[in-house]
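Asker: Provided herewith: data.txt, compact mmCIF, C-alpha atoms.
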# COMPACT_ATOMS: atom_id res chain seq x y z
CA MET A 1 -113.98 152.07 -26.75
CA SER A 2 -116.63 154.28 -28.32
CA GLN A 3 -113.87 156.07 -30.25
CA ILE A 4 -112.62 152.76 -31.69
CA LYS A 5 -116.16 151.80 -32.65
CA SER A 6 -116.68 155.10 -34.40
CA VAL A 7 -113.37 154.78 -36.28
CA LEU A 8 -114.17 151.22 -37.37
CA SER A 9 -117.71 152.09 -38.42
CA ASN A 10 -116.60 154.53 -41.13
CA GLU A 11 -114.61 154.02 -44.35
CA ARG A 12 -111.28 155.02 -42.80
CA GLY A 13 -111.69 152.32 -40.21
CA PHE A 14 -112.43 149.79 -42.91
CA MET A 15 -109.24 150.80 -44.76
CA LEU A 16 -107.26 150.61 -41.53
CA LEU A 17 -108.48 147.06 -40.93
CA ASN A 18 -107.63 146.16 -44.52
CA VAL A 19 -104.09 147.47 -44.15
CA VAL A 20 -103.64 145.57 -40.90
CA PHE A 21 -104.93 142.28 -42.35
CA LEU A 22 -102.92 142.57 -45.56
CA THR A 23 -99.77 143.38 -43.59
CA VAL A 24 -100.28 140.34 -41.37
CA ILE A 25 -100.91 138.03 -44.33
CA THR A 26 -97.93 139.44 -46.28
CA SER A 27 -95.63 139.07 -43.27
CA PHE A 28 -96.81 135.49 -42.81
CA ALA A 29 -96.13 134.69 -46.48
CA ALA A 30 -92.72 136.39 -46.34
CA MET A 31 -91.83 134.44 -43.19
CA ILE A 32 -92.64 131.13 -44.88
CA LEU A 33 -90.70 132.14 -48.02
CA MET A 34 -87.66 133.16 -45.99
CA ASN A 35 -87.78 129.91 -44.05
CA ALA A 36 -88.07 127.86 -47.21
CA ALA A 37 -85.06 129.48 -48.89
CA PRO A 38 -82.20 127.90 -46.89
CA ARG A 39 -83.73 124.43 -46.89
CA ALA A 40 -80.94 122.97 -49.05
CA ARG A 41 -79.69 119.54 -48.00
CA ASN A 42 -76.43 119.52 -46.11
CA HIS A 43 -74.38 116.79 -47.76
CA GLN A 44 -71.54 116.88 -45.26
CA SER A 45 -72.99 113.98 -43.26
CA THR A 46 -72.78 111.75 -46.36
CA LEU A 47 -69.19 112.79 -47.07
CA ARG A 48 -68.22 112.38 -43.41
CA LEU A 49 -69.67 108.87 -43.48
CA THR A 50 -67.69 108.07 -46.63
CA ALA A 51 -64.53 109.41 -44.95
CA ILE A 52 -65.12 107.35 -41.81
CA TYR A 53 -65.38 104.15 -43.87
CA LEU A 54 -62.22 105.10 -45.76
CA ALA A 55 -60.45 105.49 -42.42
CA THR A 56 -61.87 102.11 -41.34
CA GLU A 57 -60.48 100.59 -44.53
CA GLN A 58 -57.07 102.01 -43.72
CA PHE A 59 -57.28 100.73 -40.12
CA ALA A 60 -58.12 97.22 -41.39
CA GLU A 61 -55.16 97.30 -43.79
CA LEU A 62 -52.90 98.52 -40.97
CA GLU A 63 -54.16 95.78 -38.61
CA SER A 64 -53.49 93.19 -41.29
CA LEU A 65 -50.01 94.59 -41.92
CA ALA A 66 -49.25 94.85 -38.21
CA ALA A 67 -50.14 91.17 -37.75
CA ARG A 68 -47.43 90.25 -40.26
CA GLU A 69 -44.69 92.78 -39.52
CA ASP A 70 -43.80 95.67 -37.26
CA ILE A 71 -44.92 99.00 -38.60
CA SER A 72 -44.30 102.56 -37.49
CA GLY A 73 -44.03 106.03 -38.93
CA ASN A 74 -46.01 107.49 -41.81
CA GLN A 75 -47.91 105.07 -43.98
CA PRO A 76 -49.48 105.59 -47.41
CA PHE A 77 -53.11 104.70 -48.08
CA LEU A 78 -53.01 100.89 -48.27
CA GLY A 79 -56.57 100.29 -49.43
CA ASN A 80 -58.12 100.39 -52.88
CA LYS A 81 -57.03 103.65 -54.56
CA ASP A 82 -60.36 103.92 -56.43
CA ASP A 83 -62.12 104.32 -53.09
CA LEU A 84 -60.45 107.72 -52.63
CA THR A 85 -62.80 109.24 -55.21
CA SER A 86 -66.45 109.48 -54.28
CA ASN A 87 -69.48 110.51 -56.31
CA ASN A 88 -71.72 110.70 -53.28
CA LEU A 89 -72.28 114.42 -53.88
CA GLY A 90 -73.42 113.71 -57.46
CA ALA A 91 -71.71 112.16 -60.48
CA ASP A 92 -70.77 115.59 -61.88
CA ASN A 93 -69.09 116.63 -58.64
CA PRO A 94 -66.55 113.96 -57.63
CA ILE A 95 -64.87 114.46 -54.29
CA GLU A 96 -61.25 113.46 -53.75
CA PHE A 97 -60.30 112.22 -50.30
CA GLU A 98 -56.79 112.28 -48.93
CA VAL A 99 -55.74 109.85 -46.22
CA THR A 100 -52.66 110.45 -44.09
CA THR A 101 -51.56 107.95 -41.48
CA THR A 102 -49.06 107.97 -38.65
CA VAL A 103 -48.30 104.85 -36.62
CA SER A 104 -46.43 105.04 -33.36
CA GLY A 105 -46.33 102.70 -30.37
CA GLY A 106 -49.06 100.42 -31.70
CA ARG A 107 -51.46 103.32 -32.22
CA ALA A 108 -52.52 104.52 -35.62
CA LYS A 109 -53.77 108.03 -36.31
CA VAL A 110 -55.65 108.45 -39.54
CA LYS A 111 -56.60 111.84 -40.92
CA VAL A 112 -59.00 112.06 -43.85
CA THR A 113 -59.36 115.41 -45.63
CA TRP A 114 -61.59 116.52 -48.49
CA GLN A 115 -62.60 119.72 -50.18
CA VAL A 116 -66.01 120.96 -51.30
CA GLY A 117 -65.66 124.16 -53.34
CA GLU A 118 -63.24 126.24 -51.33
CA ASP A 119 -64.11 124.71 -47.97
CA GLU A 120 -61.86 122.07 -46.49
CA PHE A 121 -63.07 119.39 -44.12
CA LYS A 122 -61.31 116.70 -42.11
CA ILE A 123 -61.82 113.94 -39.60
CA ASP A 124 -59.24 112.51 -37.24
CA LEU A 125 -59.54 108.95 -36.00
CA GLU A 126 -57.28 106.93 -33.77
CA ARG A 127 -57.14 103.22 -33.03
CA THR A 128 -54.89 100.70 -31.35
CA ILE A 129 -53.50 98.24 -33.87
CA GLY A 130 -51.06 95.39 -33.66
CA SER A 131 -52.59 93.81 -30.59
CA VAL A 132 -55.03 91.59 -32.49
CA GLN A 133 -54.05 87.99 -31.95
CA GLU A 134 -55.67 84.88 -33.27
CA MET B 1 -121.71 156.41 -60.48
CA PHE B 2 -120.45 154.86 -57.20
CA ARG B 3 -118.83 158.05 -56.01
CA ASN B 4 -121.71 159.25 -53.84
CA ASN B 5 -122.22 156.10 -51.79
CA GLY B 6 -120.14 153.47 -49.96
CA GLY B 7 -120.73 150.81 -52.63
CA GLY B 8 -118.09 152.27 -54.95
CA PHE B 9 -115.53 152.12 -52.24
CA VAL B 10 -116.25 148.45 -51.53
CA VAL B 11 -115.96 147.57 -55.27
CA ALA B 12 -112.63 149.41 -55.47
CA GLU B 13 -111.47 147.62 -52.33
CA PHE B 14 -112.36 144.25 -53.80
CA ALA B 15 -110.77 145.11 -57.13
CA ILE B 16 -107.45 145.74 -55.38
CA ALA B 17 -107.56 143.28 -52.48
CA LEU B 18 -108.87 140.21 -54.31
CA PRO B 19 -106.01 139.88 -56.86
CA LEU B 20 -103.57 140.58 -54.04
CA LEU B 21 -105.09 137.85 -51.92
CA ILE B 22 -105.16 135.42 -54.86
CA LEU B 23 -101.46 136.15 -55.53
CA LEU B 24 -100.61 135.65 -51.87
CA MET B 25 -102.55 132.41 -51.65
CA TYR B 26 -100.94 131.15 -54.87
CA GLY B 27 -97.49 132.00 -53.47
CA LEU B 28 -98.26 130.28 -50.19
CA ALA B 29 -99.56 127.18 -51.97
CA THR B 30 -96.44 127.01 -54.17
CA VAL B 31 -94.13 127.42 -51.20
CA SER B 32 -96.04 124.77 -49.23
CA VAL B 33 -95.73 122.27 -52.08
CA GLN B 34 -92.01 123.08 -52.40
CA ILE B 35 -91.45 122.64 -48.66
CA PHE B 36 -93.29 119.32 -48.72
CA SER B 37 -91.27 118.07 -51.68
CA LEU B 38 -87.97 119.27 -50.16
CA GLY B 39 -88.88 117.56 -46.90
CA LYS B 40 -89.73 114.35 -48.70
CA GLU B 41 -86.44 114.43 -50.63
CA GLN B 42 -84.43 115.14 -47.50
CA LEU B 43 -86.17 112.34 -45.63
CA ALA B 44 -85.46 109.98 -48.53
CA ASP B 45 -81.78 111.02 -48.49
CA TYR B 46 -81.49 110.41 -44.77
CA VAL B 47 -83.19 107.02 -45.08
CA LEU B 48 -80.76 106.09 -47.88
CA GLU B 49 -77.77 107.19 -45.81
CA ALA B 50 -79.01 105.47 -42.65
CA GLU B 51 -79.76 102.19 -44.44
CA ALA B 52 -76.39 102.14 -46.21
CA GLN B 53 -74.63 102.80 -42.90
CA TYR B 54 -76.70 100.11 -41.17
CA VAL B 55 -75.79 97.48 -43.77
CA MET B 56 -72.10 98.41 -43.65
CA GLU B 57 -72.02 98.32 -39.86
CA GLN B 58 -73.76 94.95 -39.72
CA ILE B 59 -71.36 93.41 -42.22
CA ARG B 60 -68.39 95.03 -40.48
CA GLN B 61 -69.40 93.62 -37.11
CA VAL B 62 -70.20 90.12 -38.40
CA ALA B 63 -67.17 89.85 -40.68
CA ARG B 64 -64.81 90.76 -37.87
CA THR B 65 -65.41 87.41 -36.17
CA ALA B 66 -65.85 85.39 -39.37
CA ARG B 67 -63.88 82.20 -39.86
CA GLU B 68 -65.18 81.53 -43.34
CA VAL B 69 -66.69 83.82 -45.95
CA GLU B 70 -68.70 82.48 -48.85
CA ILE B 71 -69.59 84.79 -51.71
CA SER B 72 -71.92 83.69 -54.49
CA PRO B 73 -70.51 84.18 -58.01
CA SER B 74 -73.34 86.54 -58.95
CA GLY B 75 -72.51 88.72 -55.97
CA GLY B 76 -76.05 88.66 -54.67
CA LYS B 77 -75.24 86.63 -51.57
CA VAL B 78 -72.57 86.80 -48.90
CA LYS B 79 -72.38 84.28 -46.10
CA PHE B 80 -70.24 84.71 -43.02
CA VAL B 81 -69.58 81.61 -40.97
CA TYR B 82 -68.01 81.64 -37.57
CA HIS B 83 -67.64 78.98 -34.96
CA VAL B 84 -68.74 79.40 -31.40
CA VAL B 85 -67.47 77.45 -28.43
CA ALA B 86 -70.17 74.90 -27.69
CA ASP B 87 -68.70 73.33 -24.58
CA LYS B 88 -70.58 75.70 -22.32
CA LYS B 89 -74.34 75.72 -22.28
CA SER B 90 -74.38 79.51 -22.14
CA ASN B 91 -72.45 79.67 -25.41
CA LYS B 92 -74.76 77.37 -27.29
CA ILE B 93 -77.07 78.90 -29.79
CA GLU B 94 -80.58 79.23 -28.56
CA ALA B 95 -82.89 78.10 -31.30
CA THR B 96 -86.47 77.98 -30.14
CA SER B 97 -88.70 77.28 -27.23
CA VAL B 98 -90.59 74.00 -27.21
CA ASN B 99 -93.12 73.56 -24.39
CA GLY B 100 -91.21 76.01 -22.28
CA HIS B 101 -87.85 74.29 -22.81
CA TYR B 102 -85.12 75.81 -24.88
CA VAL B 103 -83.71 73.70 -27.65
CA PHE B 104 -80.11 74.25 -28.61
CA ILE B 105 -78.54 73.73 -31.98
CA ASN B 106 -76.07 70.91 -31.64
CA ASN B 107 -73.35 72.15 -33.90
CA ASP B 108 -71.05 74.99 -33.01
CA VAL B 109 -71.36 76.92 -36.25
CA LEU B 110 -73.15 80.18 -36.50
CA GLU B 111 -73.89 81.50 -39.95
CA THR B 112 -75.07 84.90 -41.00
CA GLN B 113 -76.16 85.43 -44.56
CA TYR B 114 -76.84 88.62 -46.46
CA PHE B 115 -78.64 88.12 -49.71
CA MET B 116 -81.00 89.71 -52.19
CA LEU B 117 -84.22 88.20 -53.44
CA TYR B 118 -84.91 88.85 -57.09
CA THR B 119 -88.35 89.24 -58.55
CA LYS B 120 -89.31 87.38 -61.71
CA LYS B 121 -88.93 90.58 -63.69
CA GLY B 122 -85.29 90.88 -62.67
CA ARG B 123 -83.63 93.47 -60.51
CA THR B 124 -86.54 95.82 -60.14
CA ALA B 125 -86.06 96.80 -56.53
CA PRO B 126 -83.77 94.38 -54.74
CA ASN B 127 -83.75 94.68 -51.01
CA LEU B 128 -81.15 93.13 -48.77
CA TYR B 129 -82.14 90.39 -46.35
CA ALA B 130 -80.24 89.02 -43.39
CA LYS B 131 -80.60 85.56 -41.92
CA ARG B 132 -78.88 83.64 -39.16
CA ASN B 133 -78.93 79.86 -39.00
CA ASP B 134 -80.51 79.99 -35.56
CA ASP B 135 -83.26 82.26 -36.83
CA GLY B 136 -84.69 81.30 -40.21
CA ASN B 137 -87.10 84.19 -40.43
CA TYR B 138 -86.20 86.60 -43.20
CA SER B 139 -89.58 87.89 -44.28
CA THR B 140 -88.64 91.51 -43.63
CA PRO B 141 -85.72 92.96 -45.55
CA ILE B 142 -83.15 95.08 -43.73
CA THR B 143 -83.28 97.72 -46.47
CA GLY B 144 -86.07 99.19 -48.56
CA ASP B 145 -89.84 98.89 -48.20
CA ASN B 146 -90.20 102.42 -46.85
CA TYR B 147 -93.10 104.52 -48.05
CA PHE B 148 -91.37 107.92 -48.05
CA GLY B 149 -87.80 106.82 -48.64
CA ASP B 150 -87.76 103.58 -50.58
CA THR B 151 -84.30 102.38 -51.56
CA LYS B 152 -82.71 99.65 -53.60
CA VAL B 153 -79.33 97.98 -53.41
CA ASN B 154 -77.51 98.43 -56.72
CA TYR B 155 -74.74 96.09 -55.68
CA LEU B 156 -73.00 94.62 -52.67
CA LYS B 157 -69.53 93.50 -53.64
CA CYS B 158 -67.36 91.55 -51.24
CA ASN B 159 -63.84 90.37 -52.00
CA VAL B 160 -61.65 88.38 -49.68
CA ASP B 161 -57.90 88.88 -49.68
CA ALA B 162 -56.95 85.56 -48.07
CA ASP B 163 -53.28 86.43 -47.58
CA LYS B 164 -54.06 89.64 -45.76
CA LYS B 165 -57.19 88.19 -44.08
CA LEU B 166 -59.07 91.20 -45.35
CA LEU B 167 -62.61 91.54 -46.59
CA HIS B 168 -63.24 94.44 -48.96
CA VAL B 169 -66.85 95.57 -48.94
CA SER B 170 -68.36 97.89 -51.51
CA LEU B 171 -72.00 98.86 -51.30
CA GLU B 172 -73.98 101.08 -53.65
CA MET B 173 -77.55 101.98 -52.82
CA GLU B 174 -79.99 104.21 -54.65
CA SER B 175 -83.00 106.10 -53.46
CA LEU B 176 -86.10 105.34 -55.51
CA VAL B 177 -87.52 108.74 -54.51
CA THR B 178 -84.65 111.08 -55.39
CA GLU B 179 -82.64 108.66 -57.59
CA ARG B 180 -79.52 109.73 -55.69
CA LYS B 181 -76.84 107.14 -55.10
CA ILE B 182 -74.57 106.50 -52.17
CA LYS B 183 -71.48 104.30 -52.43
CA LEU B 184 -69.51 103.24 -49.39
CA ASP B 185 -66.28 101.25 -49.43
CA THR B 186 -64.44 99.77 -46.52
CA ALA B 187 -62.34 96.83 -45.44
CA VAL B 188 -62.53 94.55 -42.44
CA TYR B 189 -59.64 92.65 -40.91
CA MET B 190 -60.70 89.11 -39.99
CA PRO B 191 -58.13 87.73 -37.53
CA ASN B 192 -59.86 84.33 -37.30
CA TYR B 193 -60.21 83.81 -41.05
CA LYS B 194 -59.10 80.45 -42.38
CA ALA B 195 -58.65 80.20 -46.13
CA GLY B 196 -60.66 77.30 -47.50
CA GLY B 197 -62.78 77.03 -44.34
Do you think you could lay out the structure here as structure tokens?

Answerer:
Amino acid sequence: MSQIKSVLSNERGFMLLNVVFLTVITSFAAMILMNAAPRARNHQSTLRLTAIYLATEQFAELESLAAREDISGNQPFLGNKDDLTSNNLGADNPIEFEVTTTVSGGRAKVKVTWQVGEDEFKIDLERTIGSVQE
Amino acid sequence: MFRNNGGGFVVAEFAIALPLLILLMYGLATVSVQIFSLGKEQLADYVLEAEAQYVMEQIRQVARTAREVEISPSGGKVKFVYHVVADKKSNKIEATSVNGHYVFINNDVLETQYFMLYTKKGRTAPNLYAKRNDDGNYSTPITGDNYFGDTKVNYLKCNVDADKKLLHVSLEMESLVTERKIKLDTAVYMPNYKAGG
């Protein structure tokens, strides 16, 4: 204890304290900076939401079609074709969605895919159709 | 002149440490402001997304059982009408409580309206309101009026395809904080829909 006191009471001790304090403050600042860097917004939730509503649109079209006639096999996108392009990521970065549908045994499987940069994303949804009666 | 005493050392220390500290504090302040603004933007984005999803889900749920759909020519109002079975007391629409007794609406029609109220200056910040005929209170809008993530509805377009019994819904909302837009499109199959009411 007396040794520490003697070290701190001279100039070398003062310098030592300075170095310690500056290091702590610099580390703290660096930690905040490094935490702030990856704080970019993840827009996938918005695109996933858009894709889910596109799939819902396709399901509604399939339900409507199934109420009028028997359907099975692969189906094209029956909704509004303009809905397949979304500007939800920004007007200068339009995203194209692709909807593929397979109907078998009264069940429809809808797969929606989209691409952001080089990354591909998809959602798979399934619903029973054709059993809706008035 | 300071070499022979401790004072010179302290001045040198201050000369080096003070600018360093000022730089550090400036950096920290800048980063803090950036974090706050990023957080505010992200919150506003999430509010925008959540409100758009909420409106779409509400319309999707209500339209599913709709028997009639009325859309105002300006597009600012959509009314879904569906009939409920009124032969059972439990199915009647509970309107209000008068002296401890419930009063029921006599007709068997339940209406849900979604509409925008416009200010005198025009479409400054239209919010969407929802109203049911058994509950006339629509003082609070279902979108907008948030301090950190205020939004406005750019348009709510509904088109009915009577032959297919389909309702196409297109909603575009904009955040007044980040000015980002979100547009959602979907369709709802209405098995009970009767063309012409």

Asker: Please determine the contact residues of chain A with respect to chain B at a cut-off of 10 Å, counting all atoms listed in the file, and supply them as JSON, numbers by chain.

Answerer: {"A": [10, 11, 14, 15, 18, 19, 22, 25, 26, 28, 29, 30, 32, 33, 35, 36, 37, 39, 40, 41, 42, 43, 45, 46, 47, 49, 50, 51, 52, 53, 54, 55, 56, 57, 58, 59, 60, 61, 62, 63, 64, 65, 67, 68, 79, 80, 82, 83, 84, 86, 87, 88, 89, 90, 91, 132, 133, 134]}

Asker: Tell me, in Å to one decimal, how far atom CA of B:Leu110 is from atom CA of B:Leu171.

Answerer: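 One can read the atom CA of B:Leu110 to atom CA of B:Leu171 distance as 23.9 Å.
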
Asker: Please report the interatomic distance between atom CA of A:Lys111 and atom CA of A:Glu126 in Å with one decimal.

Answerer: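 Computed distance, atom CA of A:Lys111 to atom CA of A:Glu126, equals 8.7 Å.
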
Asker: Distance atom CA of A:Glu96-atom CA of A:Lys81, one decimal place?

Answerer: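 The value is 10.7 Å.
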
Asker: Applying 7 Å and all atoms listed in the file, which residues near A:Phe97 remain after dropping the ones on its own chain fewer than 3 positions away? List them as an MDAnalysis selection string.

Answerer: chainID A and resid 84:85 112:114

Asker: Within 12 Å of A:Gly73, counting all atoms listed in the file, which residues qualify if same-chain residues fewer than 3 places away don't, as a PyMOL selection string?

Answerer: chain A and resi 62+70+76+100-110

Asker: Export, as a JSON list (two decimals), in the frame of the given file, the selected residues with C-alpha atoms.

Answerer:
[["chain", "number", "residue", "atom", "x", "y", "z"],
["A", 62, "LEU", "CA", -52.90, 98.52, -40.97],
["A", 70, "ASP", "CA", -43.80, 95.67, -37.26],
["A", 76, "PRO", "CA", -49.48, 105.59, -47.41],
["A", 100, "THR", "CA", -52.66, 110.45, -44.09],
["A", 101, "THR", "CA", -51.56, 107.95, -41.48],
["A", 102, "THR", "CA", -49.06, 107.97, -38.65],
["A", 103, "VAL", "CA", -48.30, 104.85, -36.62],
["A", 104, "SER", "CA", -46.43, 105.04, -33.36],
["A", 105, "GLY", "CA", -46.33, 102.70, -30.37],
["A", 106, "GLY", "CA", -49.06, 100.42, -31.70],
["A", 107, "ARG", "CA", -51.46, 103.32, -32.22],
["A", 108, "ALA", "CA", -52.52, 104.52, -35.62],
["A", 109, "LYS", "CA", -53.77, 108.03, -36.31],
["A", 110, "VAL", "CA", -55.65, 108.45, -39.54]]

Asker: Which is closest to B:Thr65 among B:Lys40, B:His83, B:Lys157, B:Arg132, if we use only C-alpha atoms?

Answerer: B:His83

Asker: Using all atoms listed in the file, which residue out of B:Asn146, B:Thr151, B:Gln113, B:Ser175 lies closest to B:Val78?

Answerer: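 Once distances to B:Val78 are computed over all atoms listed in the file, the minimum belongs to B:Gln113.
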
Asker: If we count all atoms listed in the file and set the cut-off at 7 Å, which residues sit around B:Val69, ignoring sequence neighbours fewer than 2 positions away in its own chain? Please answer as a list of chain:residue names.

Answerer: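 Listing them by chain and then by number gives B:Ala66, B:Arg67, B:Ile71, B:Lys79, B:Phe80, B:Val81.
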